[in-house]
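Visitor: run20.txt (compact mmCIF, C-alpha atoms and all ligand atoms) pasted underneath:
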# COMPACT_ATOMS: atom_id res chain seq x y z
CA MET F 55 11.59 18.33 21.04
CA PRO F 56 9.18 15.45 20.47
CA ASP F 57 6.09 16.58 18.53
CA ASN F 58 3.10 14.76 17.14
CA GLY F 59 5.17 11.58 16.75
CA MET F 60 4.43 10.77 20.39
CA ASN F 61 2.87 7.29 20.56
CA LYS F 62 3.25 6.76 16.78
CA HIS F 63 5.12 3.74 15.48
CA ALA F 64 6.90 3.74 12.10
CA LEU F 65 8.20 0.73 10.19
CA VAL F 66 11.17 1.80 8.06
CA THR F 67 13.15 -0.31 5.57
CA GLY F 68 16.71 0.69 4.71
CA ALA F 69 17.10 2.10 8.22
CA SER F 70 20.83 1.37 8.47
CA SER F 71 22.10 3.86 5.89
CA GLY F 72 21.56 6.99 3.85
CA ILE F 73 17.97 8.16 3.36
CA GLY F 74 16.36 5.46 5.54
CA LEU F 75 18.83 6.14 8.37
CA SER F 76 18.13 9.86 8.19
CA ILE F 77 14.35 9.23 8.21
CA THR F 78 14.79 6.94 11.21
CA GLN F 79 16.86 9.50 13.14
CA HIS F 80 14.44 12.31 12.27
CA LEU F 81 11.38 10.36 13.39
CA LEU F 82 13.10 9.22 16.60
CA ALA F 83 13.94 12.86 17.34
CA LYS F 84 10.24 13.71 16.87
CA GLY F 85 9.19 11.08 19.40
CA TYR F 86 8.19 8.23 17.07
CA ARG F 87 8.95 4.63 17.90
CA VAL F 88 10.76 3.18 14.90
CA THR F 89 11.22 -0.44 13.89
CA GLY F 90 14.00 -0.46 11.32
CA ILE F 91 14.64 -3.19 8.78
CA SER F 92 17.99 -3.75 7.04
CA ARG F 93 20.52 -6.55 6.75
CA ARG F 94 22.82 -4.83 9.27
CA GLY F 95 19.94 -4.00 11.62
CA ILE F 96 21.92 -1.36 13.46
CA ILE F 97 21.73 2.42 13.11
CA GLY F 98 25.10 3.22 14.74
CA GLN F 99 23.92 3.96 18.26
CA GLU F 100 21.25 2.50 20.53
CA HIS F 101 18.04 4.46 21.05
CA ALA F 102 15.28 3.58 23.51
CA LEU F 103 12.60 4.07 20.84
CA PHE F 104 14.40 2.09 18.11
CA THR F 105 13.95 -1.62 17.45
CA PRO F 106 16.41 -3.08 14.92
CA VAL F 107 15.29 -5.93 12.67
CA ALA F 108 18.05 -7.67 10.71
CA LEU F 109 16.40 -8.99 7.55
CA ASP F 110 17.58 -9.62 4.00
CA LEU F 111 14.77 -8.29 1.79
CA ALA F 112 15.97 -10.60 -0.99
CA ASN F 113 14.38 -13.47 0.96
CA SER F 114 10.57 -13.48 0.49
CA LYS F 115 9.91 -16.29 2.96
CA GLN F 116 11.91 -14.49 5.64
CA ILE F 117 10.00 -11.26 4.97
CA GLU F 118 6.69 -13.07 5.47
CA LEU F 119 7.85 -14.69 8.69
CA THR F 120 9.25 -11.45 10.08
CA LEU F 121 6.15 -9.42 9.20
CA LYS F 122 3.88 -11.95 10.88
CA GLN F 123 6.01 -11.75 14.03
CA LEU F 124 6.15 -7.94 13.95
CA LEU F 125 2.40 -7.56 13.43
CA ALA F 126 1.64 -9.98 16.27
CA GLY F 127 3.31 -7.65 18.75
CA ASN F 128 3.06 -4.16 17.23
CA GLN F 129 0.60 -1.69 15.81
CA PHE F 130 2.25 0.39 13.10
CA ASP F 131 0.98 3.84 12.10
CA CYS F 132 3.16 4.25 9.04
CA PHE F 133 5.49 2.39 6.69
CA ILE F 134 8.40 3.97 4.84
CA HIS F 135 10.14 1.84 2.22
CA SER F 136 13.62 3.18 1.60
CA ALA F 137 15.62 -0.04 1.14
CA GLY F 138 17.08 -0.40 -2.31
CA TYR F 139 20.19 -0.21 -4.40
CA GLY F 140 21.29 0.78 -7.87
CA GLU F 141 22.36 -1.58 -10.65
CA PHE F 142 23.47 0.22 -13.78
CA GLY F 143 24.54 -1.29 -17.11
CA SER F 144 23.17 -2.95 -20.21
CA ILE F 145 20.74 -5.75 -19.38
CA GLU F 146 22.98 -8.47 -20.90
CA GLN F 147 25.64 -7.64 -18.30
CA PHE F 148 23.50 -8.99 -15.47
CA SER F 149 23.03 -12.64 -14.50
CA VAL F 150 19.48 -13.87 -13.86
CA ASN F 151 20.30 -13.99 -10.12
CA ARG F 152 21.34 -10.40 -10.16
CA ILE F 153 18.25 -9.28 -12.07
CA GLU F 154 15.95 -11.15 -9.70
CA ARG F 155 17.68 -9.81 -6.62
CA ALA F 156 17.50 -6.18 -7.77
CA ILE F 157 13.77 -6.43 -8.57
CA GLN F 158 13.13 -8.31 -5.32
CA VAL F 159 14.89 -5.86 -2.98
CA ASN F 160 13.81 -2.64 -4.71
CA LEU F 161 10.24 -3.65 -5.59
CA THR F 162 8.85 -7.05 -4.61
CA SER F 163 9.83 -6.73 -0.94
CA ALA F 164 7.60 -3.63 -0.67
CA LEU F 165 4.65 -5.51 -2.15
CA ILE F 166 5.10 -8.39 0.30
CA ILE F 167 5.39 -6.08 3.31
CA CYS F 168 2.27 -4.17 2.21
CA ARG F 169 0.37 -7.43 1.75
CA HIS F 170 0.80 -7.93 5.50
CA LEU F 171 0.45 -4.33 6.68
CA ILE F 172 -2.59 -3.18 4.71
CA PRO F 173 -5.18 -5.43 6.42
CA ALA F 174 -4.22 -3.98 9.81
CA PHE F 175 -4.36 -0.44 8.42
CA ARG F 176 -7.76 -1.10 6.84
CA ALA F 177 -9.13 -2.55 10.08
CA ARG F 178 -8.13 0.62 11.97
CA ARG F 179 -9.08 2.90 9.08
CA ALA F 180 -5.70 4.62 9.43
CA GLY F 181 -2.20 4.29 8.02
CA ARG F 182 0.38 6.10 5.95
CA LEU F 183 2.71 4.58 3.40
CA ILE F 184 5.64 6.37 1.79
CA PHE F 185 7.79 4.79 -0.89
CA ILE F 186 11.20 6.16 -1.84
CA GLY F 187 11.14 5.93 -5.62
CA SER F 188 13.53 7.78 -7.89
CA GLU F 189 13.75 10.11 -10.82
CA SER F 190 14.65 6.83 -12.60
CA GLY F 191 11.02 5.85 -12.03
CA LEU F 192 9.89 8.89 -14.02
CA ASN F 193 12.29 8.78 -16.97
CA ALA F 194 14.50 5.89 -18.04
CA GLY F 195 17.79 6.28 -19.85
CA ARG F 196 21.03 4.57 -20.89
CA LYS F 197 22.29 1.89 -18.45
CA GLY F 198 19.15 2.28 -16.35
CA ALA F 199 17.15 -0.70 -17.66
CA LEU F 200 17.23 -2.80 -14.48
CA TYR F 201 17.01 0.02 -11.93
CA SER F 202 14.26 1.83 -13.86
CA ALA F 203 12.29 -1.40 -14.27
CA ALA F 204 12.19 -1.67 -10.48
CA LYS F 205 11.47 2.02 -9.84
CA PHE F 206 8.78 2.31 -12.56
CA GLY F 207 7.24 -0.80 -10.95
CA LEU F 208 7.30 0.81 -7.52
CA ARG F 209 5.63 3.89 -8.97
CA GLY F 210 2.85 1.83 -10.56
CA PHE F 211 2.34 -0.04 -7.32
CA SER F 212 2.18 3.18 -5.33
CA GLN F 213 -0.35 4.78 -7.71
CA ALA F 214 -2.65 1.75 -7.63
CA LEU F 215 -2.37 1.31 -3.88
CA ARG F 216 -3.18 4.99 -3.37
CA ASP F 217 -6.58 4.50 -5.03
CA ASP F 218 -7.22 1.02 -3.58
CA CYS F 219 -6.75 2.27 -0.03
CA ALA F 220 -8.15 5.82 -0.08
CA SER F 221 -11.65 4.90 1.10
CA ASP F 222 -10.14 3.23 4.18
CA ASN F 223 -8.36 6.46 5.16
CA ILE F 224 -4.93 5.10 4.17
CA GLN F 225 -2.64 7.61 2.48
CA VAL F 226 0.00 6.45 0.00
CA SER F 227 2.78 8.70 -1.23
CA LEU F 228 5.79 8.31 -3.51
CA ILE F 229 8.92 10.46 -3.28
CA ASN F 230 11.04 10.60 -6.44
CA PRO F 231 14.42 12.12 -5.59
CA GLY F 232 17.22 12.96 -7.95
CA MET F 233 20.73 12.39 -6.65
CA VAL F 234 21.01 12.15 -2.87
CA ARG F 235 24.45 12.19 -1.22
CA SER F 236 24.60 8.75 0.43
CA PRO F 237 26.50 5.43 0.36
CA PHE F 238 24.21 4.46 -2.57
CA PHE F 239 27.09 5.47 -4.87
CA ASP F 240 29.74 3.32 -3.13
CA GLY F 241 30.77 0.80 -5.78
CA LEU F 242 29.04 2.66 -8.63
CA SER F 243 30.99 4.38 -11.40
CA PHE F 244 29.33 7.75 -10.86
CA ALA F 245 28.31 10.03 -8.03
CA PRO F 246 27.02 13.55 -7.60
CA ALA F 247 29.68 16.24 -7.94
CA ASP F 248 31.12 17.60 -4.72
CA ASN F 249 29.26 20.85 -4.10
CA ILE F 250 26.22 21.17 -1.85
CA GLU F 251 24.01 22.17 -4.80
CA ASN F 252 24.92 18.92 -6.64
CA ALA F 253 23.01 16.60 -4.32
CA ILE F 254 20.01 16.42 -2.01
CA ALA F 255 20.95 15.75 1.63
CA PRO F 256 19.31 12.65 3.20
CA ALA F 257 18.08 14.93 6.00
CA GLN F 258 16.07 16.91 3.42
CA ILE F 259 14.21 13.74 2.40
CA ALA F 260 13.66 12.94 6.08
CA GLU F 261 12.10 16.38 6.66
CA LEU F 262 9.85 15.83 3.65
CA VAL F 263 8.75 12.42 4.96
CA HIS F 264 7.90 13.93 8.33
CA PHE F 265 5.98 16.74 6.62
CA ILE F 266 3.95 14.23 4.56
CA LEU F 267 3.26 12.12 7.65
CA ASN F 268 1.79 15.22 9.32
CA SER F 269 -0.42 16.30 6.43
CA GLY F 270 -4.20 16.40 6.90
CA ASP F 271 -6.38 13.30 6.53
CA ASN F 272 -8.31 14.97 3.69
CA ILE F 273 -5.38 15.12 1.24
CA VAL F 274 -2.70 12.86 -0.25
CA PHE F 275 0.74 13.86 -1.51
CA ASP F 276 0.51 11.41 -4.43
CA GLU F 277 4.03 12.03 -5.71
CA VAL F 278 6.78 14.48 -4.82
CA GLU F 279 9.70 15.12 -7.17
CA LEU F 280 12.84 16.91 -6.05
CA SER F 281 16.33 17.21 -7.48
CA PRO F 282 19.62 19.03 -6.85
CA ARG F 283 19.68 22.56 -8.24
CA ILE F 284 22.82 21.85 -10.32
CA LYS F 285 22.83 18.31 -11.77
CA SER F 286 26.57 17.77 -12.07
CA ILE F 287 27.96 14.22 -11.98
CA ASN F 288 31.47 12.79 -11.37
CA PHE F 289 32.34 9.64 -13.35
CA SER F 290 34.98 7.05 -12.42
CA PRO F 291 36.09 3.85 -14.23
CA PRO F 292 33.33 1.20 -13.99
CA SER F 293 33.88 -1.68 -11.55
CA GLN F 294 33.56 -5.30 -12.78
CA ALA F 295 30.06 -6.78 -12.53
CA SER F 296 29.84 -10.09 -10.66
CA ASP F 297 27.26 -12.24 -8.87
N1 LIG F 301 21.09 8.12 -3.26
C1 LIG F 301 20.41 8.52 -4.33
O1 LIG F 301 20.90 9.34 -5.17
C2 LIG F 301 18.99 8.06 -4.56
C3 LIG F 301 18.21 8.77 -5.48
C4 LIG F 301 16.90 8.35 -5.72
C5 LIG F 301 16.40 7.26 -5.03
N2 LIG F 301 17.18 6.59 -4.16
C6 LIG F 301 16.59 5.44 -3.47
O2 LIG F 301 16.60 5.70 -2.09
C7 LIG F 301 16.62 4.47 -1.37
C8 LIG F 301 17.69 4.54 -0.30
O3 LIG F 301 18.95 4.72 -0.92
P1 LIG F 301 20.14 5.42 -0.14
O4 LIG F 301 20.62 6.55 -1.00
O5 LIG F 301 19.77 5.67 1.26
O6 LIG F 301 21.23 4.26 -0.25
P2 LIG F 301 22.08 3.52 0.89
O7 LIG F 301 22.71 4.53 1.79
O8 LIG F 301 22.95 2.56 0.18
O9 LIG F 301 20.97 2.73 1.75
C9 LIG F 301 20.33 1.60 1.23
C10 LIG F 301 19.58 0.91 2.35
O10 LIG F 301 18.92 -0.24 1.81
C11 LIG F 301 19.22 -1.37 2.63
N3 LIG F 301 19.28 -2.58 1.84
C12 LIG F 301 19.94 -2.79 0.67
N4 LIG F 301 19.82 -4.08 0.29
C13 LIG F 301 19.06 -4.69 1.25
C14 LIG F 301 18.61 -6.02 1.43
N5 LIG F 301 18.93 -7.01 0.58
N6 LIG F 301 17.85 -6.30 2.53
C15 LIG F 301 17.55 -5.32 3.42
N7 LIG F 301 17.96 -4.05 3.30
C16 LIG F 301 18.71 -3.74 2.23
C17 LIG F 301 20.60 -1.06 3.21
O11 LIG F 301 20.79 -1.76 4.43
P3 LIG F 301 21.84 -2.97 4.62
O12 LIG F 301 23.00 -2.72 3.72
O13 LIG F 301 22.17 -2.91 6.10
O14 LIG F 301 21.06 -4.17 4.27
C18 LIG F 301 20.49 0.43 3.47
O15 LIG F 301 19.90 0.65 4.73
C19 LIG F 301 16.84 3.37 -2.42
O16 LIG F 301 15.60 2.77 -2.71
C20 LIG F 301 17.34 4.13 -3.63
O17 LIG F 301 16.98 3.48 -4.82
C21 LIG F 301 18.46 6.96 -3.89
Will you turn the file into structure tokens for me?
Ligand SMILES: NC(=O)c1ccc[n+]([C@@H]2O[C@H](COP(=O)([O-])OP(=O)(O)OC[C@H]3O[C@@H](n4cnc5c(N)ncnc54)[C@H](OP(=O)(O)O)[C@@H]3O)[C@@H](O)[C@H]2O)c1

Guide:
Amino acid sequence: MPDNGMNKHALVTGASSGIGLSITQHLLAKGYRVTGISRRGIIGQEHALFTPVALDLANSKQIELTLKQLLAGNQFDCFIHSAGYGEFGSIEQFSVNRIERAIQVNLTSALIICRHLIPAFRARRAGRLIFIGSESGLNAGRKGALYSAAKFGLRGFSQALRDDCASDNIQVSLINPGMVRSPFFDGLSFAPADNIENAIAPAQIAELVHFILNSGDNIVFDEVELSPRIKSINFSPPSQASD
């Protein structure tokens, strides 16, 4: 049943897979219009309330162009940044291109999108932003230098934005999940172990996003941390790094 999403419009990055796909499906089911950004654009099936936007978030110029076009024809009520990917290894294993791309897609793209969205939110004195961070943005460890650099950055951005925007009635939240069972681990040398208690389900993050979007105007969920009850990991032989 549609609920208070009626007539609301969400902009979601990473809409084609995993957490972002689940958020998109959840919000559509609640009656939101969703514009979904990803390279693939698609979410598997057509939906009358869904507008796909095929965009590579590694391309700053293309982000700027697309956001200008989107904002010319749409009024967004909320933005959820879920696009991202993991790069794990020692820093000397990564080419400069690969470092720049990981920081760009996981972090810089969110800053550029917000640069365009925030003025419209301020003008209307309304807007909600939710960033999908990571437990790697709370604590860094072995092989996490590049991914944690991006996720710590996203956390700093979210904290500052939260205070910068509060007086204009804009609420900024960061969700820091532990392992979520999604295609994120395709191509990585580790994944959550197989039992249900070893991973968060993407639908559980989607429910949380919807809950935060429906919270009162007088409060902000600054950061939410959640993790699987049993943190058991399967390891496989590492794949070769390449550009
Ligand atoms: N899975 C976990 O355990 C976990 C835990 C904590 C945090 N996170 C974070 O949660 C977010 C979503 O991850 P997920 O688990 O849902 O992974 P996923 O299933 O691999 O989804 C990643 C999404 O990001 C999009 N994306 C990747 N590169 C892109 C690019 N260059 N341009 C545009 N879109 C791009 C992908 O779309 P296309 O491929 O179509 O471009 C896809 O929709 C990420 O920020 C990740 O860091 C994940």

Visitor: Report as a tab-separated table the residues of chain F within 6 Å of ligand LIG 301 (chain F), each with its shortest atom pair and distance in Å (one decimal), using all atoms listed in the file, ordered by chain and increasing residue number.

Guide:
residue	atom	partner	partner_atom	distance
F:Gly68	CA	F:LIG301	O15	3.2
F:Ala69	CA	F:LIG301	O15	4.7
F:Ser70	CA	F:LIG301	O15	3.9
F:Ser71	CA	F:LIG301	O15	4.1
F:Gly72	CA	F:LIG301	O7	3.4
F:Ile73	CA	F:LIG301	O5	3.7
F:Gly74	CA	F:LIG301	O5	5.5
F:Ser92	CA	F:LIG301	N7	3.8
F:Arg93	CA	F:LIG301	O14	3.5
F:Arg94	CA	F:LIG301	O13	3.8
F:Leu109	CA	F:LIG301	C15	5.6
F:Asp110	CA	F:LIG301	N6	3.6
F:Leu111	CA	F:LIG301	N6	3.7
F:Ala112	CA	F:LIG301	N5	4.9
F:Ser136	CA	F:LIG301	C7	4.4
F:Ala137	CA	F:LIG301	O10	3.4
F:Gly138	CA	F:LIG301	O16	3.5
F:Tyr139	CA	F:LIG301	O17	4.9
F:Gly140	CA	F:LIG301	O17	5.9
F:Val159	CA	F:LIG301	N5	5.5
F:Ile186	CA	F:LIG301	O2	5.4
F:Gly187	CA	F:LIG301	C5	5.5
F:Ser188	CA	F:LIG301	C4	4.0
F:Pro231	CA	F:LIG301	C4	4.5
F:Gly232	CA	F:LIG301	C3	5.0
F:Met233	CA	F:LIG301	O1	3.4
F:Val234	CA	F:LIG301	O1	3.6
F:Arg235	CA	F:LIG301	N1	5.7
F:Ser236	CA	F:LIG301	O4	4.8
F:Pro237	CA	F:LIG301	O7	4.1
F:Phe238	CA	F:LIG301	O8	3.6

Visitor: Write out as a VMD selection string which residues come within 6 Å of stretch 76-79 of chain F when counting all atoms listed in the file, dropping same-chain ones fewer than 6 positions away.

Guide: chain F and resid 256 to 257 260

Visitor: For F:Ile97, which of F:Ser114, F:Thr67, F:Thr120, F:Gln258 is the closest residue, counting all atoms listed in the file?

Guide: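 With all atoms listed in the file as the atom set, the closest residue is F:Thr67.
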
Visitor: Rounded to one decimal place, report the atom CA of F:Val226-atom CA of F:Leu183 distance in Å.

Guide: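 Atom-to-atom, atom CA of F:Val226 to atom CA of F:Leu183, that is 4.7 Å.
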
Visitor: Please identify all polymer residues within 12 Å of stretch 115-119 of chain F, counting only C-alpha atoms, omitting same-chain residues fewer than 5 positions from it, and present them as an NGL selection string.

Guide: :F and (67 or 91-93 or 107-110 or 124-126 or 158-159 or 162-171)

Visitor: What's the separation between atom CA of F:Phe148 and atom CA of F:Ala199, in Å to one decimal place?

Guide: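 Value for the atom CA of F:Phe148-atom CA of F:Ala199 distance: 10.7 Å.
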
Visitor: For a quick check of understanding, using only C-alpha atoms, which of F:Arg182, F:Arg196, F:Arg209, F:Lys122 has the smallest distance to F:His63?

Guide: F:Arg182

Visitor: Using all atoms listed in the file for the distances, tell me which of F:Ile224, F:Ile250, F:Ile145, F:Leu161 is nearest to F:Gly198.

Guide: F:Ile145
